[in-house]
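Participant: For reference, this is model_39.cif, and it has mmCIF, C-alpha atoms and all ligand atoms.
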```cif
data_entry
#
loop_
_atom_site.label_atom_id
_atom_site.label_comp_id
_atom_site.auth_asym_id
_atom_site.auth_seq_id
_atom_site.Cartn_x
_atom_site.Cartn_y
_atom_site.Cartn_z
CA MET A 832 0.00 0.00 0.00
CA GLU A 833 2.79 2.38 0.92
CA ARG A 834 4.42 1.96 -2.46
CA ARG A 835 1.18 2.62 -4.30
CA LYS A 836 0.60 5.83 -2.37
CA PHE A 837 4.08 6.99 -3.22
CA LEU A 838 3.58 6.24 -6.91
CA THR A 839 0.41 8.29 -6.93
CA GLY A 840 2.46 11.20 -5.70
CA ALA A 841 4.92 10.65 -8.52
CA ALA A 842 2.12 10.64 -11.06
CA LEU A 843 1.07 14.07 -9.91
CA GLY A 844 4.29 15.64 -10.96
CA THR A 845 7.38 14.45 -9.12
CA ALA A 846 10.08 13.25 -11.48
CA ALA A 847 9.83 9.53 -12.02
CA THR A 848 13.49 9.17 -11.04
CA THR A 849 12.44 9.40 -7.41
CA LEU A 850 10.46 6.16 -7.50
CA ALA A 851 10.86 3.78 -4.58
CA ALA A 852 13.26 0.85 -4.62
CA PRO A 853 12.13 -1.40 -7.47
CA ALA A 854 11.67 -5.13 -7.55
CA VAL A 855 14.48 -5.34 -10.09
CA ALA A 856 17.97 -4.59 -8.83
CA ALA A 857 18.98 -1.15 -10.03
CA SER A 858 22.06 -2.53 -11.77
CA HIS A 859 19.83 -4.57 -14.08
CA ALA A 860 17.22 -1.88 -14.69
CA LYS A 861 17.06 -0.15 -18.05
CA THR A 862 17.01 3.62 -18.09
CA MET A 863 14.41 5.29 -20.28
CA THR A 864 15.01 9.01 -20.61
CA ILE A 865 11.82 10.70 -21.82
CA VAL A 866 11.79 14.25 -23.14
CA SER A 867 8.54 16.08 -23.71
CA THR A 868 7.09 18.96 -25.66
CA TRP A 869 4.94 20.05 -22.67
CA PRO A 870 5.91 22.28 -19.73
CA ARG A 871 6.19 20.57 -16.32
CA ASP A 872 2.93 20.08 -14.43
CA PHE A 873 1.04 21.63 -17.34
CA PRO A 874 -2.65 20.81 -16.69
CA GLY A 875 -3.90 18.25 -19.17
CA LEU A 876 -1.06 17.43 -21.53
CA GLY A 877 1.91 17.85 -19.19
CA VAL A 878 0.34 15.97 -16.31
CA SER A 879 -0.63 13.19 -18.70
CA ALA A 880 2.94 12.80 -19.97
CA GLN A 881 4.30 12.67 -16.41
CA ARG A 882 1.66 10.11 -15.47
CA LEU A 883 2.72 7.88 -18.38
CA ALA A 884 6.41 8.11 -17.48
CA ALA A 885 5.67 7.10 -13.89
CA ARG A 886 3.35 4.32 -15.01
CA ILE A 887 6.00 2.62 -17.15
CA THR A 888 8.30 2.31 -14.13
CA GLU A 889 5.40 1.13 -11.97
CA LEU A 890 4.08 -1.50 -14.40
CA SER A 891 7.58 -2.84 -15.08
CA GLU A 892 8.21 -3.08 -11.32
CA GLY A 893 11.32 -1.01 -11.80
CA ALA A 894 12.81 -2.99 -14.69
CA ILE A 895 12.46 0.20 -16.77
CA GLN A 896 13.45 3.32 -14.85
CA THR A 897 12.00 6.37 -16.54
CA GLU A 898 13.58 9.80 -16.21
CA TYR A 899 11.17 12.48 -17.35
CA PHE A 900 12.19 15.91 -18.62
CA ALA A 901 9.56 18.50 -19.43
CA ALA A 902 10.03 21.04 -22.24
CA GLY A 903 13.28 22.95 -21.81
CA GLU A 904 14.59 20.84 -18.93
CA ARG A 905 16.90 18.77 -21.16
CA VAL A 906 16.15 20.04 -24.67
CA GLY A 907 13.72 22.56 -26.10
CA ALA A 908 10.14 21.45 -26.83
CA LEU A 909 10.59 21.16 -30.58
CA ASP A 910 14.07 19.58 -30.28
CA VAL A 911 12.81 16.33 -28.77
CA PHE A 912 12.48 14.65 -32.17
CA ASP A 913 16.20 15.01 -32.97
CA GLU A 914 17.10 14.16 -29.39
CA VAL A 915 15.42 10.76 -29.68
CA ALA A 916 16.29 10.07 -33.33
CA SER A 917 19.96 10.57 -32.42
CA GLY A 918 19.68 8.23 -29.43
CA ASN A 919 20.58 10.86 -26.82
CA SER A 920 17.28 10.12 -25.13
CA GLN A 921 15.16 7.01 -25.48
CA ALA A 922 11.71 8.53 -26.02
CA TYR A 923 9.66 11.66 -26.47
CA ILE A 924 6.08 12.46 -25.63
CA GLY A 925 4.59 15.05 -27.95
CA ALA A 926 2.65 15.60 -31.16
CA ASP A 927 4.28 14.31 -34.35
CA TYR A 928 2.85 17.09 -36.51
CA TYR A 929 5.33 19.54 -35.01
CA TRP A 930 7.84 17.93 -37.39
CA VAL A 931 6.04 18.11 -40.73
CA GLY A 932 9.24 19.81 -41.91
CA LYS A 933 11.00 16.43 -41.48
CA HIS A 934 8.34 14.62 -43.49
CA PRO A 935 4.81 15.87 -44.18
CA ALA A 936 3.25 12.45 -43.60
CA LEU A 937 4.08 12.76 -39.88
CA ALA A 938 1.04 15.05 -39.60
CA TYR A 939 -1.33 12.17 -40.28
CA PHE A 940 -0.26 10.49 -37.01
CA THR A 941 -1.35 13.50 -34.95
CA ALA A 942 -4.18 15.08 -36.91
CA VAL A 943 -4.89 16.60 -40.30
CA PRO A 944 -7.59 19.12 -41.25
CA PHE A 945 -10.97 17.49 -41.89
CA GLY A 946 -9.34 14.25 -40.70
CA MET A 947 -9.98 11.56 -38.13
CA THR A 948 -11.52 11.80 -34.67
CA PHE A 949 -10.22 9.92 -31.60
CA THR A 950 -12.25 6.82 -32.42
CA GLU A 951 -11.33 6.90 -36.10
CA ILE A 952 -7.57 7.36 -35.75
CA ASN A 953 -7.35 4.58 -33.16
CA ALA A 954 -9.42 2.26 -35.34
CA TRP A 955 -7.13 3.06 -38.28
CA ILE A 956 -3.86 2.67 -36.40
CA ARG A 957 -4.70 -0.45 -34.46
CA PHE A 958 -6.95 -2.33 -36.86
CA GLY A 959 -7.05 -0.52 -40.20
CA GLY A 960 -3.50 -0.49 -41.60
CA GLY A 961 -2.29 2.70 -39.93
CA ARG A 962 0.33 0.92 -37.82
CA GLU A 963 2.21 -0.30 -40.89
CA LEU A 964 2.22 3.18 -42.44
CA TRP A 965 3.38 4.84 -39.21
CA ASP A 966 6.26 2.34 -39.15
CA LYS A 967 7.19 3.25 -42.73
CA VAL A 968 7.25 6.97 -41.97
CA GLN A 969 9.13 6.66 -38.68
CA ASP A 970 11.61 4.07 -39.98
CA GLN A 971 13.20 6.89 -41.98
CA PHE A 972 14.28 8.43 -38.68
CA GLY A 973 14.88 5.28 -36.59
CA LEU A 974 11.80 5.90 -34.45
CA TYR A 975 8.87 3.82 -33.21
CA GLY A 976 5.74 5.48 -31.85
CA LEU A 977 2.74 4.42 -29.82
CA PRO A 978 -0.51 6.35 -29.34
CA ALA A 979 -0.32 7.91 -25.86
CA GLY A 980 -3.13 10.42 -25.58
CA ASN A 981 -5.69 12.31 -27.61
CA THR A 982 -7.06 15.80 -27.23
CA GLY A 983 -10.42 15.12 -28.87
CA THR A 984 -11.77 17.63 -31.38
CA GLN A 985 -10.01 20.91 -30.75
CA ALA A 986 -11.47 24.36 -30.41
CA GLY A 987 -11.36 26.58 -33.50
CA GLY A 988 -9.23 29.04 -31.58
CA TRP A 989 -9.01 32.39 -29.82
CA PHE A 990 -9.55 35.58 -31.82
CA ASN A 991 -9.81 39.28 -31.03
CA LYS A 992 -12.36 39.76 -33.82
CA GLU A 993 -15.21 37.67 -35.14
CA ILE A 994 -14.51 35.39 -38.10
CA GLU A 995 -17.44 35.49 -40.51
CA SER A 996 -15.91 34.55 -43.85
CA GLY A 997 -12.74 33.03 -45.26
CA ASP A 998 -11.55 36.57 -46.04
CA ASP A 999 -11.38 37.36 -42.32
CA PHE A 1000 -8.23 35.23 -42.12
CA LYS A 1001 -6.38 37.55 -44.51
CA GLY A 1002 -3.45 39.16 -42.75
CA LEU A 1003 -4.25 37.44 -39.46
CA LYS A 1004 -1.15 36.42 -37.51
CA MET A 1005 -2.10 33.12 -35.89
CA ARG A 1006 -0.36 30.36 -33.98
CA ILE A 1007 -1.60 27.15 -35.59
CA PRO A 1008 0.83 24.28 -36.31
CA GLY A 1009 0.67 21.36 -38.71
CA LEU A 1010 -1.39 21.19 -41.85
CA GLY A 1011 -4.13 23.29 -40.22
CA GLY A 1012 -1.72 26.19 -40.37
CA GLN A 1013 -1.08 25.49 -44.05
CA VAL A 1014 -4.84 25.60 -44.71
CA LEU A 1015 -5.23 29.01 -43.07
CA ALA A 1016 -2.11 30.24 -44.88
CA LYS A 1017 -3.96 29.49 -48.15
CA LEU A 1018 -6.68 31.86 -46.90
CA GLY A 1019 -4.10 34.57 -46.31
CA ALA A 1020 -3.22 34.07 -42.65
CA SER A 1021 0.35 34.38 -41.48
CA THR A 1022 0.84 31.26 -39.36
CA VAL A 1023 3.45 30.20 -36.84
CA SER A 1024 4.05 27.03 -34.80
CA LEU A 1025 4.95 28.05 -31.26
CA PRO A 1026 5.25 25.50 -28.42
CA GLY A 1027 2.65 25.80 -25.67
CA GLY A 1028 4.91 27.62 -23.24
CA GLN A 1029 5.45 30.55 -25.62
CA ILE A 1030 1.94 31.29 -26.90
CA TYR A 1031 0.58 33.51 -24.11
CA GLU A 1032 3.42 36.05 -24.20
CA ASN A 1033 3.17 36.36 -27.99
CA LEU A 1034 -0.60 36.84 -27.86
CA VAL A 1035 -0.51 39.43 -25.10
CA SER A 1036 2.31 41.38 -26.78
CA GLY A 1037 0.43 41.42 -30.09
CA THR A 1038 3.12 39.46 -31.95
CA ILE A 1039 0.24 37.16 -32.89
CA ASP A 1040 -3.45 38.14 -33.22
CA ALA A 1041 -4.94 34.72 -32.67
CA THR A 1042 -4.09 31.22 -31.53
CA GLU A 1043 -5.50 27.80 -31.23
CA TRP A 1044 -4.41 25.43 -28.48
CA VAL A 1045 -6.59 22.48 -27.49
CA GLY A 1046 -10.04 22.83 -25.95
CA PRO A 1047 -11.76 24.31 -22.89
CA TYR A 1048 -10.03 22.24 -20.18
CA ASN A 1049 -6.50 22.75 -21.51
CA ASP A 1050 -7.11 26.30 -22.73
CA TYR A 1051 -8.54 27.54 -19.43
CA PHE A 1052 -5.10 27.47 -17.81
CA MET A 1053 -3.45 29.34 -20.70
CA LYS A 1054 -5.37 32.56 -19.92
CA PHE A 1055 -5.75 33.48 -23.59
CA TYR A 1056 -9.00 35.25 -22.64
CA GLU A 1057 -6.86 38.12 -21.37
CA ALA A 1058 -5.98 39.02 -24.97
CA ALA A 1059 -8.67 37.44 -27.17
CA LYS A 1060 -12.31 37.19 -26.13
CA TYR A 1061 -13.87 35.25 -29.01
CA TYR A 1062 -13.54 31.50 -28.56
CA TYR A 1063 -14.57 29.29 -31.46
CA THR A 1064 -16.00 25.81 -31.00
CA GLY A 1065 -14.75 22.70 -32.82
CA GLY A 1066 -12.52 23.60 -35.76
CA MET A 1067 -11.35 21.78 -38.87
CA HIS A 1068 -7.68 21.69 -38.01
CA GLU A 1069 -7.38 19.03 -35.29
CA PRO A 1070 -10.37 16.69 -35.16
CA GLY A 1071 -8.71 14.31 -32.68
CA SER A 1072 -5.03 14.98 -32.17
CA GLN A 1073 -3.13 11.91 -31.21
CA LEU A 1074 -0.18 12.37 -28.89
CA SER A 1075 2.61 9.86 -29.10
CA LEU A 1076 5.20 8.10 -27.00
CA THR A 1077 7.86 7.80 -29.67
CA MET A 1078 10.99 5.81 -28.95
CA ASN A 1079 14.38 5.40 -30.51
CA LYS A 1080 13.82 2.22 -32.53
CA SER A 1081 17.20 0.65 -31.70
CA TRP A 1082 16.45 1.09 -28.01
CA TRP A 1083 12.90 -0.23 -28.47
CA SER A 1084 14.33 -3.30 -30.22
CA SER A 1085 16.69 -3.92 -27.30
CA LEU A 1086 13.75 -4.42 -24.91
CA THR A 1087 12.52 -7.91 -24.09
CA PRO A 1088 9.09 -8.88 -25.45
CA THR A 1089 7.68 -8.48 -21.94
CA GLU A 1090 9.18 -5.00 -21.56
CA GLN A 1091 7.77 -4.01 -24.95
CA ALA A 1092 4.36 -5.28 -23.88
CA ILE A 1093 4.56 -3.25 -20.66
CA VAL A 1094 5.49 -0.03 -22.46
CA THR A 1095 2.71 -0.65 -24.98
CA ALA A 1096 0.16 -1.32 -22.24
CA ALA A 1097 1.13 1.85 -20.37
CA ALA A 1098 0.86 3.93 -23.55
CA HIS A 1099 -2.53 2.45 -24.44
CA GLU A 1100 -3.78 3.11 -20.91
CA GLU A 1101 -2.74 6.77 -21.05
CA ASN A 1102 -4.05 7.08 -24.61
CA GLY A 1103 -7.54 6.49 -23.23
CA ASN A 1104 -7.07 8.24 -19.88
CA GLN A 1105 -5.87 11.53 -21.32
CA TYR A 1106 -8.81 11.65 -23.74
CA PHE A 1107 -11.44 10.59 -21.21
CA GLU A 1108 -10.17 13.08 -18.64
CA THR A 1109 -10.45 15.88 -21.21
CA MET A 1110 -13.96 14.81 -22.24
CA ALA A 1111 -15.03 14.70 -18.60
CA LEU A 1112 -13.84 18.27 -17.95
CA ASN A 1113 -14.42 20.23 -21.19
CA GLY A 1114 -18.03 21.20 -20.44
CA GLU A 1115 -17.22 22.35 -16.91
CA TYR A 1116 -14.27 24.46 -18.06
CA LEU A 1117 -16.15 26.01 -20.97
CA ALA A 1118 -18.73 27.25 -18.46
CA LYS A 1119 -15.92 28.66 -16.28
CA LEU A 1120 -14.42 30.53 -19.26
CA VAL A 1121 -17.79 32.10 -20.02
CA ASN A 1122 -18.94 32.80 -16.46
CA GLU A 1123 -15.65 33.78 -14.82
CA HIS A 1124 -13.92 35.55 -17.70
CA GLY A 1125 -16.65 36.78 -20.05
CA VAL A 1126 -15.44 34.70 -22.98
CA GLU A 1127 -17.78 34.87 -25.97
CA VAL A 1128 -18.31 31.51 -27.63
CA ARG A 1129 -18.81 31.43 -31.39
CA SER A 1130 -19.00 28.76 -34.11
CA PHE A 1131 -17.66 29.11 -37.64
CA ASN A 1132 -20.47 29.53 -40.17
CA GLU A 1133 -20.77 27.36 -43.27
CA ASP A 1134 -19.09 29.95 -45.51
CA VAL A 1135 -15.99 29.73 -43.30
CA TRP A 1136 -16.12 25.93 -43.28
CA ASP A 1137 -16.42 25.82 -47.07
CA ALA A 1138 -13.49 28.17 -47.55
CA MET A 1139 -11.36 26.06 -45.23
CA GLY A 1140 -12.49 22.89 -47.04
CA GLU A 1141 -11.38 24.21 -50.41
CA ALA A 1142 -8.04 25.29 -49.00
CA ALA A 1143 -7.56 21.87 -47.39
CA GLU A 1144 -7.98 20.17 -50.78
CA GLU A 1145 -5.04 22.22 -52.08
CA VAL A 1146 -2.92 21.30 -49.07
CA PHE A 1147 -3.62 17.58 -49.48
CA ALA A 1148 -2.69 17.75 -53.17
CA GLU A 1149 0.63 19.33 -52.22
CA ILE A 1150 1.32 16.70 -49.56
CA ALA A 1151 0.55 13.88 -51.98
CA SER A 1152 3.00 15.32 -54.50
CA TYR A 1153 5.86 15.47 -51.93
CA ASP A 1154 6.90 11.82 -52.40
CA ALA A 1155 5.43 8.33 -52.87
CA LEU A 1156 5.18 7.68 -49.15
CA ALA A 1157 3.36 10.94 -48.44
CA GLU A 1158 0.92 10.10 -51.24
CA GLU A 1159 0.40 6.57 -49.88
CA VAL A 1160 -0.33 7.83 -46.36
CA ASN A 1161 -2.62 10.64 -47.54
CA ASN A 1162 -4.62 8.31 -49.77
CA ALA A 1163 -4.89 5.63 -47.10
CA VAL A 1164 -6.19 8.13 -44.55
CA GLN A 1165 -8.71 9.68 -46.93
CA ASP A 1166 -10.03 6.24 -47.95
CA LYS A 1167 -10.11 4.68 -44.51
CA MET A 1168 -11.64 7.77 -42.93
CA ARG A 1169 -14.57 7.58 -45.31
CA GLU A 1170 -15.07 3.89 -44.57
CA ILE A 1171 -14.81 4.18 -40.78
CA GLY A 1172 -16.60 7.54 -40.75
CA GLU A 1173 -19.59 6.22 -42.69
CA GLY A 1174 -20.08 3.39 -40.21
CA LEU A 1175 -19.88 5.83 -37.31
CA ALA A 1176 -22.24 8.30 -38.99
CA LEU A 1177 -24.91 5.69 -39.63
CA PHE A 1178 -24.93 4.34 -36.11
CA GLU A 1179 -23.32 6.44 -33.38
CA GLY A 1180 -23.81 9.65 -35.38
CA GLN A 1181 -27.49 9.00 -36.03
CA PHE A 1182 -28.08 8.18 -32.41
CA VAL A 1183 -26.13 11.13 -30.98
CA ASN A 1184 -27.81 13.62 -33.33
CA GLN A 1185 -31.29 12.43 -32.41
CA ARG A 1186 -30.54 12.08 -28.71
CA ASN A 1187 -29.13 15.60 -28.62
CA ARG A 1188 -32.14 16.96 -30.51
CA ILE A 1189 -34.50 15.41 -27.99
CA LEU A 1190 -32.35 16.64 -25.07
CA GLY A 1191 -32.25 20.11 -26.62
CA LEU A 1192 -28.44 20.19 -26.84
CA CA B 1201 -3.89 22.52 -31.22
#
```
Would you encode the structure as structure tokens?
Ligand code: CA

Facilitator:
Amino acid sequence: MERRKFLTGAALGTAATTLAAPAVAASHAKTMTIVSTWPRDFPGLGVSAQRLAARITELSEGAIQTEYFAAGERVGALDVFDEVASGNSQAYIGADYYWVGKHPALAYFTAVPFGMTFTEINAWIRFGGGRELWDKVQDQFGLYGLPAGNTGTQAGGWFNKEIESGDDFKGLKMRIPGLGGQVLAKLGASTVSLPGGQIYENLVSGTIDATEWVGPYNDYFMKFYEAAKYYYTGGMHEPGSQLSLTMNKSWWSSLTPTEQAIVTAAAHEENGNQYFETMALNGEYLAKLVNEHGVEVRSFNEDVWDAMGEAAEEVFAEIASYDALAEEVNNAVQDKMREIGEGLALFEGQFVNQRNRILGL
């Protein structure tokens, strides 16, 4: 019991290196240095990453000793990819779309505009051919990733003016990474990809006019409402962003089958937990944003959606022309999304739409 209580403390933010004496002698334990794109103790994403690091040590009974470094503690947030590809650290926790500059197909394993939701991307990766394609993309860099969290459908973003047509994006300086940023760039926005820890200062100083981040629970703690009062509901850019625990593949291959199974189980557990936690809290935190801070909630109208849809088509055509692998991944996602999405629409979608109508939601 004592050990379990201690581990709970670790999951709340203490570095996993402080875990109690493990069942495996320290001299035989494997060290797993994990670097992350999220600031330490960051509500939502950061806490989730720390929880996963602690859980791997716990489930392995100390055979794998994780050392967790938040953004900037070992390397900068966006440097974690190179850190792990080079073998300096064993794993990163982050969002693969930060590195579309390495290969554009990486975006498809976080989220792409008008792409897959939480249910869809997990169905694709685990049972629909996505795993094999993720391997192909990551093999180029000597990496191996596992799903390790999901934000759900993200908010359209924070703006200091209302967005009523595609033209309203012209000249807008917005923080929006990945292919979503490329879509808004087609509409005339000037987009940047800042890590989470740098967005607030840039928004308050006016260096950027607008930003997206995640959704009500995660966004509440960012205090964007101090500089932008219009908050848009679900956007096109990140329908269900998958976070990953991505490991150096040589290190991953050096693990025993049991150790690999433990790391996989821990990642799968956090993949669900992070998403379910967010879903449980989004409604409550949206109400707090409105009631405590006077945030005005808006939804994009159909003209805006259509403009973004046309721009997204151009972006996908460019991705597909990058190389054969990018084309293969893009086409697989577009095909599989329609297949999985149709099944969901006809059953869960039909039900949820009618239930919500009757409940007046
Ligand atoms: Ca986002």

Participant: Go through chain A and flag each residue having an atom no more than 9 Å from ligand CA 1201 (chain B); for those, report the closest pair of atoms plus their distance in Å to one decimal, using all atoms listed in the file, ordered by chain and rising number, as JSON lines.

Facilitator:
```
{"residue": "A:Thr982", "atom": "CA", "partner": "B:CA1201", "partner_atom": "CA", "distance": 8.4}
{"residue": "A:Gln985", "atom": "CA", "partner": "B:CA1201", "partner_atom": "CA", "distance": 6.3}
{"residue": "A:Ala986", "atom": "CA", "partner": "B:CA1201", "partner_atom": "CA", "distance": 7.8}
{"residue": "A:Gly987", "atom": "CA", "partner": "B:CA1201", "partner_atom": "CA", "distance": 8.8}
{"residue": "A:Gly988", "atom": "CA", "partner": "B:CA1201", "partner_atom": "CA", "distance": 8.4}
{"residue": "A:Ile1007", "atom": "CA", "partner": "B:CA1201", "partner_atom": "CA", "distance": 6.8}
{"residue": "A:Pro1008", "atom": "CA", "partner": "B:CA1201", "partner_atom": "CA", "distance": 7.2}
{"residue": "A:Gly1009", "atom": "CA", "partner": "B:CA1201", "partner_atom": "CA", "distance": 8.8}
{"residue": "A:Thr1042", "atom": "CA", "partner": "B:CA1201", "partner_atom": "CA", "distance": 8.7}
{"residue": "A:Glu1043", "atom": "CA", "partner": "B:CA1201", "partner_atom": "CA", "distance": 5.5}
{"residue": "A:Trp1044", "atom": "CA", "partner": "B:CA1201", "partner_atom": "CA", "distance": 4.0}
{"residue": "A:Val1045", "atom": "CA", "partner": "B:CA1201", "partner_atom": "CA", "distance": 4.6}
{"residue": "A:Gly1046", "atom": "CA", "partner": "B:CA1201", "partner_atom": "CA", "distance": 8.1}
{"residue": "A:His1068", "atom": "CA", "partner": "B:CA1201", "partner_atom": "CA", "distance": 7.8}
{"residue": "A:Glu1069", "atom": "CA", "partner": "B:CA1201", "partner_atom": "CA", "distance": 6.4}
{"residue": "A:Ser1072", "atom": "CA", "partner": "B:CA1201", "partner_atom": "CA", "distance": 7.7}
```

Participant: Hey, what's within 8 Å of stretch 1131-1135 of chain A if we count all atoms listed in the file and toss same-chain stuff fewer than 3 positions away? As a list in words, please?

Facilitator: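 Non-adjacent residues within range: Gly987, Ile994, Glu995, Ser996, Gly997, Tyr1063, Thr1064, Gly1066, Ala1138 and Met1139 of chain A.
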
Participant: Taking all atoms listed in the file into account, name the residue in A:Val1014, A:Val1126, A:Leu1025, A:Val911 that is nearest to A:Phe1055.

Facilitator: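 Closest to A:Phe1055, using all atoms listed in the file: A:Val1126.
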
Participant: Just checking: using all atoms listed in the file, which residue out of A:Tyr1048, A:Tyr1106, A:Trp930, A:Phe900 ends up closest to A:Pro978?

Facilitator: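 Looking only at the distances to A:Pro978, the closest residue turns out to be A:Tyr1106.
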
Participant: Could you please determine the separation between atom CA of A:Glu1123 and atom CA of A:Pro1047 in Å, to one decimal place?

Facilitator: 13.0 Å

Participant: For atom CA of A:Asn1113 and atom CA of A:Tyr1062, determine how far apart the two atoms are, in Å to one decimal place.

Facilitator: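 Pair atom CA of A:Asn1113 / atom CA of A:Tyr1062 returns 13.5 Å.
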
Participant: Just give me the gap between atom CA of A:Arg886 and atom CA of A:Val915 in Å, one decimal is fine.

Facilitator: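 According to the coordinates, atom CA of A:Arg886 and atom CA of A:Val915 are separated by 20.1 Å.
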
Participant: Using only C-alpha atoms, determine which residues lie at most 7 Å from stretch 951-966 of chain A, disregarding the query and same-chain residues fewer than 2 positions distant; provide the list as an MDAnalysis selection string.

Facilitator: chainID A and resid 947:949 968:970 975 1160 1168 1171

Participant: Write out as a list in words which residues come within 12 Å of A:Ala1148 when counting only C-alpha atoms, dropping same-chain ones fewer than 3 positions away.

Facilitator: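 Within the cut-off, the hits are Pro935, Leu1010, Val1014, Glu1141, Ala1142, Ala1143, Glu1144, Glu1145, Ala1151, Ser1152, Tyr1153, Asp1154, Ala1157, Glu1158, Asn1161, Asn1162 and Gln1165 of chain A.
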
Participant: In terms of the shortest atom-to-atom distance over only C-alpha atoms, which of A:Tyr1061, A:Phe1107, A:Trp1082, A:Tyr1051 is closest to A:Phe873?

Facilitator: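 Going through A:Tyr1061, A:Phe1107, A:Trp1082, A:Tyr1051 one by one, the smallest distance to A:Phe873 is for A:Tyr1051.
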
Participant: List every protein, DNA or RNA residue that has an atom no more than 9 Å from (15.8, 0.8, -18.8) in the file's coordinate frame, counting all atoms listed in the file, and report them as a list in words.

Facilitator: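 Checked against the point, the hits come out as His859, Ala860, Lys861, Thr862, Met863, Thr864, Thr888, Gly893, Ala894, Ile895, Gln896, Thr897 and Leu1086 of chain A.
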
Participant: Could you check the closest approach to A:Asn1102 for each of A:Pro870, A:Gly946, A:Gly980, A:Gly875 and tell me which residue wins, using only C-alpha atoms?

Facilitator: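 So, comparing all the options, the nearest one is A:Gly980.
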
Participant: Have a look at A:Ala1111, A:Ala1041, A:Ala1176, A:Val1035 and name the one nearest to A:Val1023; count all atoms listed in the file.

Facilitator: A:Ala1041

Participant: Provide an axis-aligned box for all listed atoms of stretch 1187-1192 of chain A, padding each side by 5 Å; report its centre and its edge lengths in Å to one decimal, as JSON.

Facilitator:
```
{"center_x": -31.5, "center_y": 17.8, "center_z": -27.8, "size_x": 16.1, "size_y": 14.8, "size_z": 15.4}
```

Participant: Which of these residues is nearest to A:Thr984, using all atoms listed in the file: A:Ile865, A:Gln1073, A:Tyr899, A:Ser1024?

Facilitator: A:Gln1073

Participant: Find the spatial neighbours of A:Ala916, counting only C-alpha atoms, within a cut-off of 6 Å - ignore same-chain residues fewer than 5 positions away - and output them as a VMD selection string.

Facilitator: chain A and resid 972 to 973 1079

Participant: Is it possible to add all heavy atoms to stretch 1129-1133 of chain A and hand it back as an mmCIF file, keeping the file's coordinate frame?

Facilitator:
```cif
data_model
loop_
_atom_site.group_PDB
_atom_site.id
_atom_site.type_symbol
_atom_site.label_atom_id
_atom_site.label_comp_id
_atom_site.auth_asym_id
_atom_site.auth_seq_id
_atom_site.Cartn_x
_atom_site.Cartn_y
_atom_site.Cartn_z
ATOM 1 N N ARG A 1129 -18.284 31.333 -30.033
ATOM 2 C CA ARG A 1129 -18.810 31.430 -31.390
ATOM 3 C C ARG A 1129 -18.547 30.111 -32.119
ATOM 4 O O ARG A 1129 -17.675 29.344 -31.727
ATOM 5 C CB ARG A 1129 -18.109 32.549 -32.167
ATOM 6 C CG ARG A 1129 -18.309 33.949 -31.600
ATOM 7 C CD ARG A 1129 -19.686 34.486 -31.926
ATOM 8 N NE ARG A 1129 -19.864 35.856 -31.496
ATOM 9 C CZ ARG A 1129 -20.233 36.238 -30.272
ATOM 10 N NH1 ARG A 1129 -20.470 35.327 -29.341
ATOM 11 N NH2 ARG A 1129 -20.387 37.514 -29.971
ATOM 12 N N SER A 1130 -19.284 29.893 -33.222
ATOM 13 C CA SER A 1130 -19.000 28.760 -34.110
ATOM 14 C C SER A 1130 -18.779 29.298 -35.513
ATOM 15 O O SER A 1130 -19.435 30.268 -35.917
ATOM 16 C CB SER A 1130 -20.191 27.783 -34.127
ATOM 17 O OG SER A 1130 -20.361 27.208 -32.844
ATOM 18 N N PHE A 1131 -17.877 28.695 -36.246
ATOM 19 C CA PHE A 1131 -17.660 29.110 -37.640
ATOM 20 C C PHE A 1131 -18.930 28.830 -38.442
ATOM 21 O O PHE A 1131 -19.566 27.774 -38.285
ATOM 22 C CB PHE A 1131 -16.502 28.319 -38.264
ATOM 23 C CG PHE A 1131 -15.158 28.606 -37.635
ATOM 24 C CD1 PHE A 1131 -14.350 27.573 -37.174
ATOM 25 C CD2 PHE A 1131 -14.684 29.912 -37.513
ATOM 26 C CE1 PHE A 1131 -13.101 27.828 -36.606
ATOM 27 C CE2 PHE A 1131 -13.436 30.178 -36.946
ATOM 28 C CZ PHE A 1131 -12.648 29.134 -36.485
ATOM 29 N N ASN A 1132 -19.304 29.780 -39.321
ATOM 30 C CA ASN A 1132 -20.470 29.530 -40.170
ATOM 31 C C ASN A 1132 -20.082 28.669 -41.380
ATOM 32 O O ASN A 1132 -18.899 28.360 -41.587
ATOM 33 C CB ASN A 1132 -21.117 30.864 -40.593
ATOM 34 C CG ASN A 1132 -20.165 31.701 -41.440
ATOM 35 O OD1 ASN A 1132 -19.409 31.168 -42.247
ATOM 36 N ND2 ASN A 1132 -20.201 33.022 -41.254
ATOM 37 N N GLU A 1133 -21.060 28.298 -42.177
ATOM 38 C CA GLU A 1133 -20.770 27.360 -43.270
ATOM 39 C C GLU A 1133 -19.890 27.974 -44.347
ATOM 40 O O GLU A 1133 -19.135 27.264 -45.011
ATOM 41 C CB GLU A 1133 -22.080 26.800 -43.852
ATOM 42 C CG GLU A 1133 -22.731 25.855 -42.864
ATOM 43 C CD GLU A 1133 -23.731 24.899 -43.492
ATOM 44 O OE1 GLU A 1133 -23.998 25.016 -44.703
ATOM 45 O OE2 GLU A 1133 -24.234 24.043 -42.749
#
```
